[in-house]
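J.: Data file upload_10.pdb (PDB, C-alpha atoms, pLDDT in the B column) is appended below.
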```
ATOM      1  CA  MET R  11      -5.530  30.972 -19.240  1.00 52.00           C
ATOM      2  CA  THR R  12      -3.859  27.594 -18.822  1.00 60.00           C
ATOM      3  CA  CYS R  13      -2.417  25.880 -15.814  1.00 63.00           C
ATOM      4  CA  PRO R  14       1.414  25.915 -15.996  1.00 61.00           C
ATOM      5  CA  ASN R  15       1.609  22.213 -15.077  1.00 61.00           C
ATOM      6  CA  SER R  16      -1.147  21.087 -17.450  1.00 62.00           C
ATOM      7  CA  THR R  17       1.376  19.980 -20.061  1.00 67.00           C
ATOM      8  CA  ASP R  18       3.059  17.687 -17.513  1.00 72.00           C
ATOM      9  CA  SER R  19      -0.148  15.856 -16.562  1.00 80.00           C
ATOM     10  CA  PRO R  20      -0.301  13.444 -19.527  1.00 82.00           C
ATOM     11  CA  THR R  21       3.349  12.491 -19.029  1.00 88.00           C
ATOM     12  CA  THR R  22       2.835  11.980 -15.304  1.00 88.00           C
ATOM     13  CA  ILE R  23      -0.234   9.828 -15.848  1.00 89.00           C
ATOM     14  CA  GLU R  24       1.575   7.789 -18.488  1.00 91.00           C
ATOM     15  CA  THR R  25       4.549   7.287 -16.175  1.00 92.00           C
ATOM     16  CA  TRP R  26       2.408   6.186 -13.209  1.00 90.00           C
ATOM     17  CA  TRP R  27      -0.262   4.305 -15.173  1.00 93.00           C
ATOM     18  CA  PRO R  28       0.772   0.773 -13.997  1.00 92.00           C
ATOM     19  CA  GLN R  29       0.450   1.886 -10.352  1.00 89.00           C
ATOM     20  CA  ILE R  30      -2.838   3.700 -11.019  1.00 91.00           C
ATOM     21  CA  GLN R  31      -4.235   0.645 -12.786  1.00 93.00           C
ATOM     22  CA  ALA R  32      -3.125  -1.624  -9.924  1.00 91.00           C
ATOM     23  CA  PHE R  33      -5.016   0.580  -7.455  1.00 92.00           C
ATOM     24  CA  LEU R  34      -8.123   0.682  -9.631  1.00 94.00           C
ATOM     25  CA  THR R  35      -8.036  -3.111  -9.963  1.00 94.00           C
ATOM     26  CA  THR R  36      -7.201  -4.082  -6.369  1.00 94.00           C
ATOM     27  CA  GLY R  37      -8.107  -1.031  -4.265  1.00 92.00           C
ATOM     28  CA  ILE R  38      -4.799  -1.418  -2.423  1.00 90.00           C
ATOM     29  CA  THR R  39      -2.416   1.514  -1.938  1.00 89.00           C
ATOM     30  CA  ASN R  40       0.945   2.037  -0.283  1.00 87.00           C
ATOM     31  CA  ALA R  41      -0.481   4.776   1.950  1.00 88.00           C
ATOM     32  CA  GLY R  42       0.460   2.891   5.119  1.00 86.00           C
ATOM     33  CA  SER R  43       4.126   2.635   4.239  1.00 87.00           C
ATOM     34  CA  GLU R  44       4.187   6.250   3.021  1.00 89.00           C
ATOM     35  CA  GLY R  45       2.706   7.374   6.342  1.00 87.00           C
ATOM     36  CA  THR R  46       5.233   5.365   8.314  1.00 85.00           C
ATOM     37  CA  ASN R  47       8.088   6.848   6.280  1.00 88.00           C
ATOM     38  CA  ARG R  48       6.757  10.349   6.990  1.00 90.00           C
ATOM     39  CA  VAL R  49       6.682   9.628  10.724  1.00 85.00           C
ATOM     40  CA  ILE R  50      10.226   8.229  10.657  1.00 84.00           C
ATOM     41  CA  LYS R  51      11.525  11.323   8.858  1.00 87.00           C
ATOM     42  CA  THR R  52       9.692  13.628  11.278  1.00 86.00           C
ATOM     43  CA  VAL R  53      11.135  11.834  14.307  1.00 82.00           C
ATOM     44  CA  ALA R  54      14.605  11.883  12.748  1.00 79.00           C
ATOM     45  CA  ARG R  55      14.333  15.650  12.239  1.00 81.00           C
ATOM     46  CA  ASP R  56      13.142  16.125  15.826  1.00 78.00           C
ATOM     47  CA  ALA R  57      15.981  13.963  17.153  1.00 70.00           C
ATOM     48  CA  TYR R  58      18.693  15.636  15.096  1.00 72.00           C
ATOM     49  CA  GLY R  59      21.763  16.204  17.233  1.00 71.00           C
ATOM     50  CA  PHE R  60      21.198  13.319  19.643  1.00 71.00           C
ATOM     51  CA  ARG R  61      24.541  11.774  20.416  1.00 78.00           C
ATOM     52  CA  ASN R  62      23.205   8.295  20.977  1.00 82.00           C
ATOM     53  CA  PRO R  63      21.969   6.616  17.768  1.00 80.00           C
ATOM     54  CA  GLU R  64      20.263   3.928  19.865  1.00 85.00           C
ATOM     55  CA  ASN R  65      18.006   6.566  21.448  1.00 81.00           C
ATOM     56  CA  GLN R  66      17.060   7.871  18.005  1.00 80.00           C
ATOM     57  CA  ARG R  67      16.263   4.316  16.867  1.00 81.00           C
ATOM     58  CA  LEU R  68      14.095   3.745  19.935  1.00 83.00           C
ATOM     59  CA  ARG R  69      12.257   7.059  19.417  1.00 81.00           C
ATOM     60  CA  THR R  70      11.521   6.086  15.819  1.00 80.00           C
ATOM     61  CA  ARG R  71      10.351   2.637  16.836  1.00 82.00           C
ATOM     62  CA  THR R  72       8.085   4.046  19.542  1.00 81.00           C
ATOM     63  CA  ALA R  73       6.592   6.665  17.224  1.00 79.00           C
ATOM     64  CA  THR R  74       5.695   4.083  14.589  1.00 77.00           C
ATOM     65  CA  THR R  75       3.873   1.673  16.893  1.00 77.00           C
ATOM     66  CA  ARG R  76       0.095   1.670  16.553  1.00 66.00           C
ATOM     67  CA  ARG R  77      -0.492   2.906  20.108  1.00 64.00           C
ATOM     68  CA  HIS R  78       1.459   6.127  19.590  1.00 57.00           C
ATOM     69  CA  ARG R  79       0.529   7.051  16.009  1.00 55.00           C
ATOM     70  CA  GLY R  80      -2.580   8.968  17.024  1.00 56.00           C
ATOM     71  CA  HIS R  81      -0.557  11.383  19.156  1.00 54.00           C
ATOM     72  CA  LEU R  82       1.567  12.806  16.350  1.00 52.00           C
ATOM     73  CA  ASN R  83       1.061  16.390  15.283  1.00 53.00           C
ATOM     74  CA  PRO R  84       1.130  16.449  11.478  1.00 53.00           C
ATOM     75  CA  ALA R  85       3.264  19.182  10.029  1.00 49.00           C
TER      76      ALA R  85
END
```
Turn the structure described in the file into structure tokens.
T.:
Amino acid sequence: MTCPNSTDSPTTIETWWPQIQAFLTTGITNAGSEGTNRVIKTVARDAYGFRNPENQRLRTRTATTRRHRGHLNPA
């Protein structure tokens, strides 16, 4: 029995190899920016329907500050 995605793995690794190699060389990832983007999208979903775009911007800004990050409930 084979995994249905096993044929895609070599192509995926080949596509992402420069990024994988950069991580292996430096130990640096983009996890911080990915996490921040996730929080922004979550807040935007929660604030959908607000009539004041400034309030949505302020909610996003507040949610992404270091003090408030620990209080988020991951989905």
J.: Quick check on the file I pasted: which residues fall under the PyMOL selection byres ((chain R and resi 69) around 12)? Write them as a PDB file with C-alpha atoms, in the frame of the given file.
T.:
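Contents of result.pdb, freshly written:
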```pdb
ATOM      1  CA  VAL R  49       6.682   9.628  10.724  1.00 85.00           C
ATOM      2  CA  ILE R  50      10.226   8.229  10.657  1.00 84.00           C
ATOM      3  CA  LYS R  51      11.525  11.323   8.858  1.00 87.00           C
ATOM      4  CA  THR R  52       9.692  13.628  11.278  1.00 86.00           C
ATOM      5  CA  VAL R  53      11.135  11.834  14.307  1.00 82.00           C
ATOM      6  CA  ALA R  54      14.605  11.883  12.748  1.00 79.00           C
ATOM      7  CA  ARG R  55      14.333  15.650  12.239  1.00 81.00           C
ATOM      8  CA  ASP R  56      13.142  16.125  15.826  1.00 78.00           C
ATOM      9  CA  ALA R  57      15.981  13.963  17.153  1.00 70.00           C
ATOM     10  CA  TYR R  58      18.693  15.636  15.096  1.00 72.00           C
ATOM     11  CA  PHE R  60      21.198  13.319  19.643  1.00 71.00           C
ATOM     12  CA  ASN R  62      23.205   8.295  20.977  1.00 82.00           C
ATOM     13  CA  PRO R  63      21.969   6.616  17.768  1.00 80.00           C
ATOM     14  CA  GLU R  64      20.263   3.928  19.865  1.00 85.00           C
ATOM     15  CA  ASN R  65      18.006   6.566  21.448  1.00 81.00           C
ATOM     16  CA  GLN R  66      17.060   7.871  18.005  1.00 80.00           C
ATOM     17  CA  ARG R  67      16.263   4.316  16.867  1.00 81.00           C
ATOM     18  CA  LEU R  68      14.095   3.745  19.935  1.00 83.00           C
ATOM     19  CA  THR R  70      11.521   6.086  15.819  1.00 80.00           C
ATOM     20  CA  ARG R  71      10.351   2.637  16.836  1.00 82.00           C
ATOM     21  CA  THR R  72       8.085   4.046  19.542  1.00 81.00           C
ATOM     22  CA  ALA R  73       6.592   6.665  17.224  1.00 79.00           C
ATOM     23  CA  THR R  74       5.695   4.083  14.589  1.00 77.00           C
ATOM     24  CA  THR R  75       3.873   1.673  16.893  1.00 77.00           C
ATOM     25  CA  HIS R  78       1.459   6.127  19.590  1.00 57.00           C
TER      26      HIS R  78
END
```
J.: How far is it from CA of Asn47 (chain R) to CA of Pro20 (chain R), in Å with one decimal?
T.: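 Distance between the two atoms: 27.9 Å.
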J.: Between CA of Ile23 (chain R) and CA of Glu44 (chain R), what is the distance in Å, rounded to a tenth?
T.: 19.7 Å
J.: Do you have the CA of Thr39 (chain R)-CA of Thr22 (chain R) distance handy?
T.: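 Taking CA of Thr39 (chain R) and CA of Thr22 (chain R), their separation equals 17.8 Å.
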